[in-house]
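Trainee: For reference, the file upload-v5.txt (compact mmCIF, C-alpha atoms and all ligand atoms) is included below:
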# COMPACT_ATOMS: atom_id res chain seq x y z
CA MET A 1 120.17 111.59 77.42
CA HIS A 2 120.24 112.36 73.68
CA PRO A 3 116.64 112.44 72.34
CA LEU A 4 117.48 109.69 69.83
CA THR A 5 119.03 107.53 72.55
CA GLU A 6 115.71 107.82 74.39
CA LYS A 7 113.82 106.75 71.25
CA ILE A 8 116.14 103.76 70.81
CA LEU A 9 115.63 102.88 74.48
CA PHE A 10 111.85 102.93 74.02
CA TYR A 11 112.17 100.83 70.87
CA LEU A 12 114.23 98.24 72.75
CA LYS A 13 111.74 98.34 75.61
CA SER A 14 108.88 97.53 73.24
CA HIS A 15 110.84 94.52 71.93
CA THR A 16 112.09 93.13 75.25
CA ASN A 17 111.66 89.49 74.32
CA ASN A 18 113.41 89.74 70.96
CA TYR A 19 116.73 90.80 69.62
CA VAL A 20 116.62 93.88 67.43
CA SER A 21 119.26 93.91 64.71
CA GLY A 22 121.52 96.91 64.13
CA GLU A 23 120.19 96.99 60.60
CA GLN A 24 116.57 97.15 61.78
CA LEU A 25 117.40 100.02 64.15
CA SER A 26 119.40 101.80 61.51
CA ARG A 27 116.51 101.55 59.01
CA HIS A 28 113.88 102.50 61.59
CA PHE A 29 115.72 105.64 62.74
CA SER A 30 117.33 106.45 59.38
CA ILE A 31 120.83 106.67 60.82
CA SER A 32 123.99 104.60 60.24
CA ARG A 33 124.77 101.47 62.23
CA SER A 34 127.80 103.18 63.75
CA ALA A 35 125.53 106.02 64.94
CA ILE A 36 123.24 103.39 66.51
CA TRP A 37 126.29 101.95 68.26
CA LYS A 38 127.10 105.37 69.78
CA HIS A 39 123.59 105.63 71.21
CA ILE A 40 123.86 102.10 72.60
CA GLN A 41 127.10 103.18 74.28
CA GLU A 42 125.34 106.15 75.84
CA LEU A 43 122.73 103.79 77.28
CA ARG A 44 125.47 101.59 78.72
CA GLN A 45 127.19 104.58 80.28
CA LEU A 46 123.94 105.43 82.04
CA GLY A 47 123.88 101.93 83.52
CA TYR A 48 121.60 100.11 81.06
CA GLU A 49 122.59 96.56 80.28
CA VAL A 50 122.33 96.19 76.51
CA ILE A 51 123.09 92.66 75.35
CA ALA A 52 124.69 92.53 71.90
CA VAL A 53 124.87 89.18 70.11
CA PRO A 54 126.57 88.90 66.69
CA HIS A 55 124.06 88.11 63.88
CA LEU A 56 121.12 88.64 66.23
CA GLY A 57 121.40 92.23 67.43
CA TYR A 58 120.57 94.08 70.63
CA GLN A 59 118.36 93.29 73.56
CA LEU A 60 117.68 95.27 76.71
CA GLY A 61 118.93 93.40 79.79
CA GLY A 62 118.85 95.21 83.11
CA ILE A 63 117.85 98.78 83.71
CA PRO A 64 119.70 100.94 86.26
CA ASP A 65 118.30 101.64 89.71
CA ARG A 66 117.78 105.32 88.97
CA LEU A 67 114.57 107.35 88.95
CA PHE A 68 115.24 108.51 85.40
CA PRO A 69 112.30 110.49 83.94
CA TYR A 70 112.11 108.24 80.89
CA GLU A 71 111.70 105.20 83.15
CA ILE A 72 109.02 106.85 85.29
CA ALA A 73 107.15 108.31 82.32
CA TYR A 74 107.33 105.29 80.01
CA ARG A 75 103.71 104.41 79.22
CA LEU A 76 102.64 106.07 82.50
CA PRO A 77 98.83 105.90 82.43
CA THR A 78 98.22 109.38 83.91
CA LYS A 79 96.70 112.40 82.17
CA PHE A 80 98.84 115.19 83.61
CA ILE A 81 100.79 114.13 86.70
CA GLY A 82 104.32 113.14 85.72
CA LYS A 83 104.00 114.24 82.11
CA GLU A 84 106.81 116.71 82.80
CA ILE A 85 109.61 115.43 85.04
CA TYR A 86 112.78 117.23 86.14
CA TYR A 87 115.48 114.91 87.46
CA PHE A 88 118.56 115.75 89.53
CA ASP A 89 121.31 113.53 90.83
CA ASN A 90 121.91 115.94 93.68
CA ILE A 91 120.18 119.22 94.44
CA SER A 92 119.56 121.54 97.41
CA SER A 93 115.84 120.72 97.78
CA THR A 94 113.22 119.61 95.26
CA MET A 95 110.89 122.09 97.02
CA ASP A 96 113.05 125.06 95.99
CA ILE A 97 113.27 123.89 92.38
CA ALA A 98 109.53 123.24 92.27
CA HIS A 99 108.79 126.74 93.62
CA SER A 100 110.89 128.40 90.94
CA LEU A 101 109.40 126.18 88.20
CA ALA A 102 105.88 126.97 89.40
CA LYS A 103 106.69 130.70 89.31
CA GLN A 104 107.90 130.25 85.72
CA GLY A 105 104.48 128.82 84.90
CA VAL A 106 105.18 125.12 84.25
CA SER A 107 102.12 122.97 83.82
CA GLU A 108 100.16 121.38 86.59
CA GLY A 109 101.44 117.90 87.40
CA THR A 110 105.11 118.74 86.90
CA VAL A 111 107.35 116.60 89.11
CA VAL A 112 110.85 117.32 90.45
CA ILE A 113 112.81 114.24 91.51
CA ALA A 114 116.21 114.13 93.22
CA GLU A 115 118.34 111.11 94.09
CA SER A 116 119.82 113.16 96.89
CA GLN A 117 119.35 116.61 98.43
CA THR A 118 121.76 118.72 100.43
CA LYS A 119 119.08 120.86 102.09
CA ALA A 120 116.00 118.68 102.21
CA ARG A 121 113.47 120.06 104.63
CA GLY A 122 110.57 118.73 106.63
CA ARG A 123 107.84 120.45 108.62
CA PHE A 124 108.84 123.37 110.84
CA GLN A 125 112.06 123.76 108.77
CA ARG A 126 113.52 120.58 110.22
CA SER A 127 116.03 118.79 108.06
CA TRP A 128 115.20 115.57 106.24
CA LEU A 129 117.86 112.90 105.82
CA CYS A 130 118.52 111.67 102.27
CA TYR A 131 120.50 108.64 101.21
CA LYS A 132 121.51 108.76 97.59
CA TYR A 133 119.76 106.16 95.39
CA LYS A 134 118.06 104.67 98.48
CA GLY A 135 114.92 106.73 98.84
CA ILE A 136 112.23 108.45 96.83
CA TYR A 137 112.41 112.23 97.16
CA PHE A 138 110.23 114.40 95.00
CA SER A 139 107.96 117.44 94.77
CA LEU A 140 104.77 117.75 92.75
CA ILE A 141 103.25 121.01 91.51
CA LEU A 142 99.45 121.28 91.53
CA LYS A 143 97.21 124.26 90.80
CA PRO A 144 93.89 123.52 92.45
CA LYS A 145 91.23 126.23 92.37
CA ILE A 146 90.65 126.27 96.09
CA HIS A 147 90.68 128.78 98.90
CA PRO A 148 94.18 128.97 100.49
CA LYS A 149 92.59 128.04 103.83
CA SER A 150 91.80 124.58 102.47
CA SER A 151 95.34 123.65 101.45
CA ALA A 152 95.84 121.22 104.38
CA ILE A 153 93.69 118.64 102.61
CA PHE A 154 96.59 118.02 100.20
CA THR A 155 98.68 116.51 103.00
CA PHE A 156 95.89 114.03 103.64
CA LEU A 157 95.30 113.37 99.96
CA SER A 158 99.01 112.63 99.50
CA ALA A 159 99.20 110.41 102.58
CA VAL A 160 96.30 108.34 101.24
CA ALA A 161 97.84 108.12 97.75
CA VAL A 162 101.26 107.04 99.03
CA SER A 163 99.74 104.50 101.45
CA GLU A 164 97.59 103.00 98.73
CA ALA A 165 100.53 102.82 96.31
CA ILE A 166 102.69 101.03 98.90
CA ASN A 167 99.82 98.73 99.72
CA ASN A 168 99.09 97.84 96.09
CA SER A 169 102.58 97.57 94.68
CA ILE A 170 104.48 96.08 97.63
CA GLY A 171 101.73 94.40 99.60
CA ILE A 172 102.59 96.15 102.86
CA THR A 173 99.94 97.79 105.02
CA VAL A 174 101.06 101.13 106.39
CA GLU A 175 99.35 103.57 108.75
CA VAL A 176 98.93 107.31 108.50
CA LYS A 177 99.72 109.45 111.51
CA TRP A 178 98.20 112.93 111.85
CA PRO A 179 99.06 115.18 110.19
CA ASN A 180 101.76 114.15 107.72
CA ASP A 181 103.56 110.90 108.56
CA ILE A 182 103.37 107.42 107.15
CA ILE A 183 104.18 104.78 109.70
CA LEU A 184 105.31 101.19 109.30
CA ASP A 185 105.87 98.87 112.24
CA GLY A 186 105.58 101.82 114.64
CA LYS A 187 108.34 103.82 112.91
CA LYS A 188 108.41 106.64 110.40
CA LEU A 189 108.54 105.44 106.80
CA ALA A 190 107.67 108.62 104.93
CA GLY A 191 106.93 112.28 105.44
CA ILE A 192 104.90 114.81 103.50
CA LEU A 193 105.46 118.54 103.33
CA THR A 194 103.07 120.90 101.56
CA GLU A 195 103.89 124.50 100.74
CA SER A 196 101.74 126.89 98.78
CA GLU A 197 101.74 130.31 97.19
CA SER A 198 98.55 132.29 97.33
CA GLU A 199 96.82 135.64 97.51
CA THR A 200 94.08 136.36 100.03
CA GLU A 201 91.35 134.48 98.20
CA LEU A 202 93.18 132.54 95.53
CA MET A 203 95.69 129.72 95.55
CA HIS A 204 98.37 130.12 92.84
CA TYR A 205 99.94 126.72 93.30
CA ILE A 206 100.68 124.08 95.88
CA ILE A 207 103.81 121.98 96.14
CA ILE A 208 103.65 118.55 97.68
CA GLY A 209 107.02 117.24 98.83
CA ILE A 210 107.30 113.55 99.62
CA GLY A 211 110.23 111.66 101.11
CA ILE A 212 110.15 107.87 101.53
CA ASN A 213 112.75 105.52 103.02
CA VAL A 214 112.81 102.76 100.44
CA ASN A 215 116.05 100.76 100.26
CA ASN A 216 117.96 102.23 103.21
CA ASN A 217 119.64 99.67 105.43
CA PRO A 218 119.27 100.14 109.21
CA GLN A 219 122.60 101.99 109.52
CA GLN A 220 121.23 104.61 107.13
CA LEU A 221 118.24 105.35 109.33
CA ILE A 222 117.71 106.96 112.70
CA ASP A 223 116.17 104.81 115.46
CA THR A 224 112.66 106.12 114.97
CA ALA A 225 112.66 105.50 111.19
CA VAL A 226 112.19 102.42 109.03
CA SER A 227 112.59 101.58 105.33
CA LEU A 228 110.51 99.33 103.10
CA ARG A 229 113.53 97.15 102.45
CA GLN A 230 114.27 96.74 106.15
CA TYR A 231 110.70 95.56 106.75
CA LYS A 232 110.27 93.46 103.62
CA LYS A 233 113.82 92.04 103.78
CA GLU A 234 114.27 92.51 100.06
CA SER A 235 115.19 95.32 97.76
CA ILE A 236 112.27 97.35 96.38
CA ASN A 237 111.89 98.53 92.77
CA ARG A 238 111.90 102.31 93.28
CA ILE A 239 110.84 103.04 89.68
CA GLU A 240 107.71 100.90 89.94
CA LEU A 241 106.79 102.40 93.32
CA MET A 242 107.30 105.95 92.06
CA ARG A 243 105.03 105.24 89.07
CA GLN A 244 102.32 103.82 91.34
CA ILE A 245 102.52 106.87 93.61
CA LEU A 246 102.01 109.24 90.67
CA ILE A 247 99.06 107.17 89.47
CA GLU A 248 97.46 107.23 92.94
CA LEU A 249 98.14 110.95 93.39
CA GLU A 250 96.32 111.71 90.16
CA LYS A 251 93.48 109.33 91.03
CA TYR A 252 92.92 110.97 94.43
CA TYR A 253 93.34 114.50 93.07
CA LEU A 254 90.59 113.85 90.52
CA LEU A 255 88.41 112.22 93.19
CA PHE A 256 88.95 115.27 95.42
CA LYS A 257 87.85 117.57 92.60
CA LYS A 258 84.77 115.47 92.01
CA ASN A 259 83.75 114.54 95.57
CA GLY A 260 85.40 117.11 97.81
CA SER A 261 87.50 116.80 100.93
CA SER A 262 85.14 114.64 103.00
CA PHE A 263 85.81 111.78 100.58
CA ILE A 264 89.57 112.15 101.10
CA ILE A 265 89.25 112.35 104.88
CA ASP A 266 87.11 109.21 104.81
CA ARG A 267 89.86 107.33 103.00
CA TRP A 268 92.41 108.80 105.42
CA ARG A 269 90.39 107.48 108.38
CA SER A 270 90.62 103.97 106.92
CA PHE A 271 94.47 104.17 107.03
CA SER A 272 94.62 106.02 110.33
CA GLY A 273 96.70 104.77 113.23
CA THR A 274 95.93 107.95 115.16
CA LEU A 275 92.19 107.88 115.74
CA GLY A 276 91.05 106.27 118.99
CA ARG A 277 94.43 106.77 120.67
CA ILE A 278 95.56 108.93 123.59
CA VAL A 279 97.95 111.44 122.12
CA LYS A 280 100.04 114.42 123.14
CA ILE A 281 100.12 117.43 120.82
CA ILE A 282 103.09 119.71 121.16
CA GLN A 283 102.69 123.23 119.81
CA ASP A 284 105.00 126.23 120.23
CA ASN A 285 104.08 127.08 123.79
CA LYS A 286 101.51 124.50 124.72
CA THR A 287 101.06 120.76 125.16
CA THR A 288 97.63 119.17 124.97
CA VAL A 289 96.77 115.60 125.87
CA GLY A 290 93.60 113.81 124.93
CA MET A 291 91.89 111.14 122.88
CA ALA A 292 92.14 111.65 119.11
CA VAL A 293 88.46 111.20 118.28
CA ASP A 294 88.32 112.33 114.67
CA VAL A 295 89.61 114.58 111.91
CA ASP A 296 87.26 117.13 110.35
CA ASP A 297 86.95 117.89 106.63
CA ASP A 298 89.64 120.59 106.86
CA GLY A 299 92.13 118.15 108.40
CA ASN A 300 91.87 119.50 111.97
CA LEU A 301 92.36 116.90 114.67
CA LEU A 302 89.52 116.67 117.18
CA LEU A 303 90.98 115.97 120.59
CA ARG A 304 88.76 115.02 123.54
CA LYS A 305 90.39 116.14 126.74
CA ASP A 306 89.86 114.69 130.25
CA SER A 307 87.34 117.43 130.94
CA GLY A 308 85.22 116.04 128.10
CA LEU A 309 85.79 119.15 126.03
CA VAL A 310 86.70 118.58 122.38
CA GLU A 311 89.48 120.83 121.08
CA LYS A 312 90.18 121.44 117.40
CA ILE A 313 93.91 121.26 116.65
CA ASN A 314 95.24 122.46 113.33
CA THR A 315 99.00 122.02 113.69
CA GLY A 316 101.68 120.58 115.97
CA ASP A 317 103.71 117.47 116.64
CA LEU A 318 101.77 114.42 117.66
CA ILE A 319 103.13 111.79 120.03
CA TYR A 320 101.34 108.57 120.88
CA CYS A 321 100.98 108.17 124.66
CA ARG A 322 100.16 104.50 124.70
C1 LIG B 1 108.33 115.74 107.21
O1 LIG B 1 108.28 114.57 107.62
O2 LIG B 1 108.40 116.70 108.00
C2 LIG B 1 108.27 116.00 105.72
C3 LIG B 1 109.49 115.51 104.99
C4 LIG B 1 109.44 115.83 103.51
C5 LIG B 1 110.73 115.50 102.79
C6 LIG B 1 110.61 115.65 101.30
S1 LIG B 1 111.94 114.93 100.39
C7 LIG B 1 111.37 115.68 98.92
C8 LIG B 1 110.92 117.07 99.30
N1 LIG B 1 112.03 118.00 99.28
C9 LIG B 1 112.28 118.51 100.50
O3 LIG B 1 113.18 119.34 100.77
N2 LIG B 1 111.43 117.99 101.40
C10 LIG B 1 110.49 117.07 100.79
Starting from the file, give its structure as structure tokens.
Ligand code: BTN
Mentor:
Amino acid sequence: MHPLTEKILFYLKSHTNNYVSGEQLSRHFSISRSAIWKHIQELRQLGYEVIAVPHLGYQLGGIPDRLFPYEIAYRLPTKFIGKEIYYFDNISSTMDIAHSLAKQGVSEGTVVIAESQTKARGRFQRSWLCYKYKGIYFSLILKPKIHPKSSAIFTFLSAVAVSEAINNSIGITVEVKWPNDIILDGKKLAGILTESESETELMHYIIIGIGINVNNNPQQLIDTAVSLRQYKKESINRIELMRQILIELEKYYLLFKKNGSSFIIDRWRSFSGTLGRIVKIIQDNKTTVGMAVDVDDDGNLLLRKDSGLVEKINTGDLIYCR
């Protein structure tokens, strides 16, 4: 989008209940009325509905269902998360782009959003299914000053932030499933993938990748997955949800810096659908069954086996037994 088109968009947004005359815009931006018209046309090409009434002027009607950076960032009340947004209609993976941006030294809080990805990945290099314009797929770059060993807490922090955002903005209560899933109605709604770059003692950056099924219809989902729209039976405003998620991510990141990981794990416990259940953990060459009794401050699952022994599990796939 041309920088002036963006300014005109913001001007129209701040006058949503009034018409703004071509003359007013032309005076405000010191350009001709025909130049204003060209910018209005650019907005329309991007999918904005701009109502034009003779003698009255322009008014912003509908906005397109796209996660455009200027929609996400417009008056976003965060200090650093989402202040820099990279947007792609289609890309290999937002994780790859975020890694190369982080290596170039972009600022903390930079976000990479894609409407669709050709090589989206999940944990253990599994693929992640994207449906163009139906989900929310993004990666966030953070640069916490923590020991690389402690990076797992960011999966929990993100799960809490996304759950709270869904709860607050859509009024749906979701559950978190150890270690990285968000569950709705017993099915997978969202997944979180964290990847980091570090030296022995120092974390350079961490990338949090989040994928959420938002407006997918059932045919666009596998049997074990669910979307917000499918559950709520109405279409969800992806822009508003994305903004809420960024706000919650920043809130919990700041709370983590202030209060440490035990605070985050406490919040995670309150959303947990895992604790108190009999679960099976599948790791490379071993399967462990037991009662999920708790999660420690590093995000390890504490599993009480039949023998009474409590085993600390730090990775694996978790399946609910009953
Ligand atoms: C999982 O459930 O295993 C995690 C899925 C994470 C998917 C998201 S979509 C945005 C970001 N880009 C990727 O390639 N993966 C994450």
Trainee: Which residues sit within 7 Å of ligand LIG 1 (chain B), counting all atoms listed in the file, listed as a ChimeraX atom specification?
Mentor: /A:93-95,119-123,126,128,137-139,180-181,190-193,209-211
Trainee: Distance atom CA of A:Thr287-atom CA of A:Thr315, one decimal place?
Mentor: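 Atom-to-atom, atom CA of A:Thr287 and atom CA of A:Thr315 are spaced 11.7 Å apart.
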Trainee: Write out as a list of chain:residue names each polymer residue whose atoms come within 10 Å of A:Pro64, counting all atoms listed in the file; drop sequence neighbours fewer than 5 positions from it.
Mentor: A:Leu43, A:Arg44, A:Leu46, A:Gly47, A:Tyr48, A:Glu49, A:Glu71, A:Ile239
Trainee: Can you tell me how far atom CA of A:Ile146 sits from atom CA of A:Ser158, in Å to one decimal?
Mentor: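 For atom CA of A:Ile146 relative to atom CA of A:Ser158, the distance reads 16.4 Å.
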Trainee: Name the closest residue to A:Trp178 among the candidates A:Pro69, A:Gly273, A:Gly82, A:Gly22; distances are taken between atoms, counting all atoms listed in the file.
Mentor: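 When distances to A:Trp178 are compared using all atoms listed in the file, the smallest one comes from A:Gly273.
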Trainee: Grab the atom CA of A:Thr274 to atom CA of A:Ile222 distance for me, in Å with one decimal place.
Mentor: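 Those two atoms sit 21.9 Å apart.
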Trainee: Pick the closest to A:Lys143 from A:Leu249, A:Ile182, A:Val111, A:Ala102: which is it, counting only C-alpha atoms?
Mentor: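 Closest to A:Lys143, using only C-alpha atoms: A:Ala102.
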Trainee: Restricting the calculation to only C-alpha atoms: of A:Thr16, A:Tyr320, A:Leu4, A:Ile170, which residue gets closest to A:Ala35?
Mentor: A:Leu4
Trainee: For a quick check of understanding, using only C-alpha atoms, which of A:Glu108, A:Asp296, A:Asp96, A:Glu248 has the smallest distance to A:Ser163?
Mentor: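 Looking only at the distances to A:Ser163, the closest residue turns out to be A:Glu248.
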Trainee: Looking at A:Cys130, A:Asn259, A:Ile31, A:Pro179, which one is nearest to A:Ile313, with distances taken over all atoms listed in the file?
Mentor: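 Nearest to A:Ile313: A:Pro179.
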Trainee: Nearest to A:Phe263 among A:Glu250, A:Asp298, A:Glu201, A:Glu6, with distances taken over only C-alpha atoms: which residue is it?
Mentor: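 Result for the nearest residue to A:Phe263: A:Asp298.
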Trainee: With all atoms listed in the file as the counted atoms, please give the residues lying no more than 8 Å from A:Met291, apart from itself and same-chain residues fewer than 2 positions off, as a short mmCIF file (atom, residue, chain, number, x, y, z; two decimals) with C-alpha atoms, keeping the file's coordinate frame.
Mentor:
data_model
loop_
_atom_site.label_atom_id
_atom_site.label_comp_id
_atom_site.auth_asym_id
_atom_site.auth_seq_id
_atom_site.Cartn_x
_atom_site.Cartn_y
_atom_site.Cartn_z
CA LEU A 275 92.19 107.88 115.74
CA GLY A 276 91.05 106.27 118.99
CA ARG A 277 94.43 106.77 120.67
CA ILE A 278 95.56 108.93 123.59
CA VAL A 279 97.95 111.44 122.12
CA VAL A 289 96.77 115.60 125.87
CA VAL A 293 88.46 111.20 118.28
CA LEU A 303 90.98 115.97 120.59
CA ARG A 304 88.76 115.02 123.54
CA LYS A 305 90.39 116.14 126.74
#
Trainee: Please determine an axis-aligned box that encloses all atoms of stretch 40-49 of chain A listed in the file, with 8 Å added on each side, and express its centre and edge lengths in Å to one decimal as JSON.
Mentor:
{"center_x": 124.4, "center_y": 101.4, "center_z": 78.1, "size_x": 21.6, "size_y": 25.6, "size_z": 26.9}
Trainee: Is it possible to get the residues within 7 Å of (114.2, 101.6, 102.8) (coordinates as in the file, counting all atoms listed in the file) written as a VMD selection string?
Mentor: chain A and resid 134 to 135 213 to 217 226 to 230
Trainee: Using the selection just defined, write its residues with C-alpha atoms as an mmCIF file, in the coordinates of the input.
Mentor:
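Listing of out.cif after writing:
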data_model
loop_
_atom_site.group_PDB
_atom_site.id
_atom_site.type_symbol
_atom_site.label_atom_id
_atom_site.label_comp_id
_atom_site.auth_asym_id
_atom_site.auth_seq_id
_atom_site.Cartn_x
_atom_site.Cartn_y
_atom_site.Cartn_z
ATOM 1 C CA LYS A 134 118.060 104.670 98.480
ATOM 2 C CA GLY A 135 114.920 106.730 98.840
ATOM 3 C CA ASN A 213 112.750 105.520 103.020
ATOM 4 C CA VAL A 214 112.810 102.760 100.440
ATOM 5 C CA ASN A 215 116.050 100.760 100.260
ATOM 6 C CA ASN A 216 117.960 102.230 103.210
ATOM 7 C CA ASN A 217 119.640 99.670 105.430
ATOM 8 C CA VAL A 226 112.190 102.420 109.030
ATOM 9 C CA SER A 227 112.590 101.580 105.330
ATOM 10 C CA LEU A 228 110.510 99.330 103.100
ATOM 11 C CA ARG A 229 113.530 97.150 102.450
ATOM 12 C CA GLN A 230 114.270 96.740 106.150
#
Trainee: Hey, can you pull every residue with an atom no more than 6 Å from (105.7, 97.7, 108.5), using all atoms listed in the file, and send it as a PyMOL selection string?
Mentor: chain A and resi 184-185+231
Trainee: Write out as an NGL selection string which residues come within 12 Å of A:Ala73 when counting only C-alpha atoms, dropping same-chain ones fewer than 4 positions away.
Mentor: :A and (6 or 10 or 67-69 or 77-87 or 110-111 or 239-240 or 242-244 or 246-247)
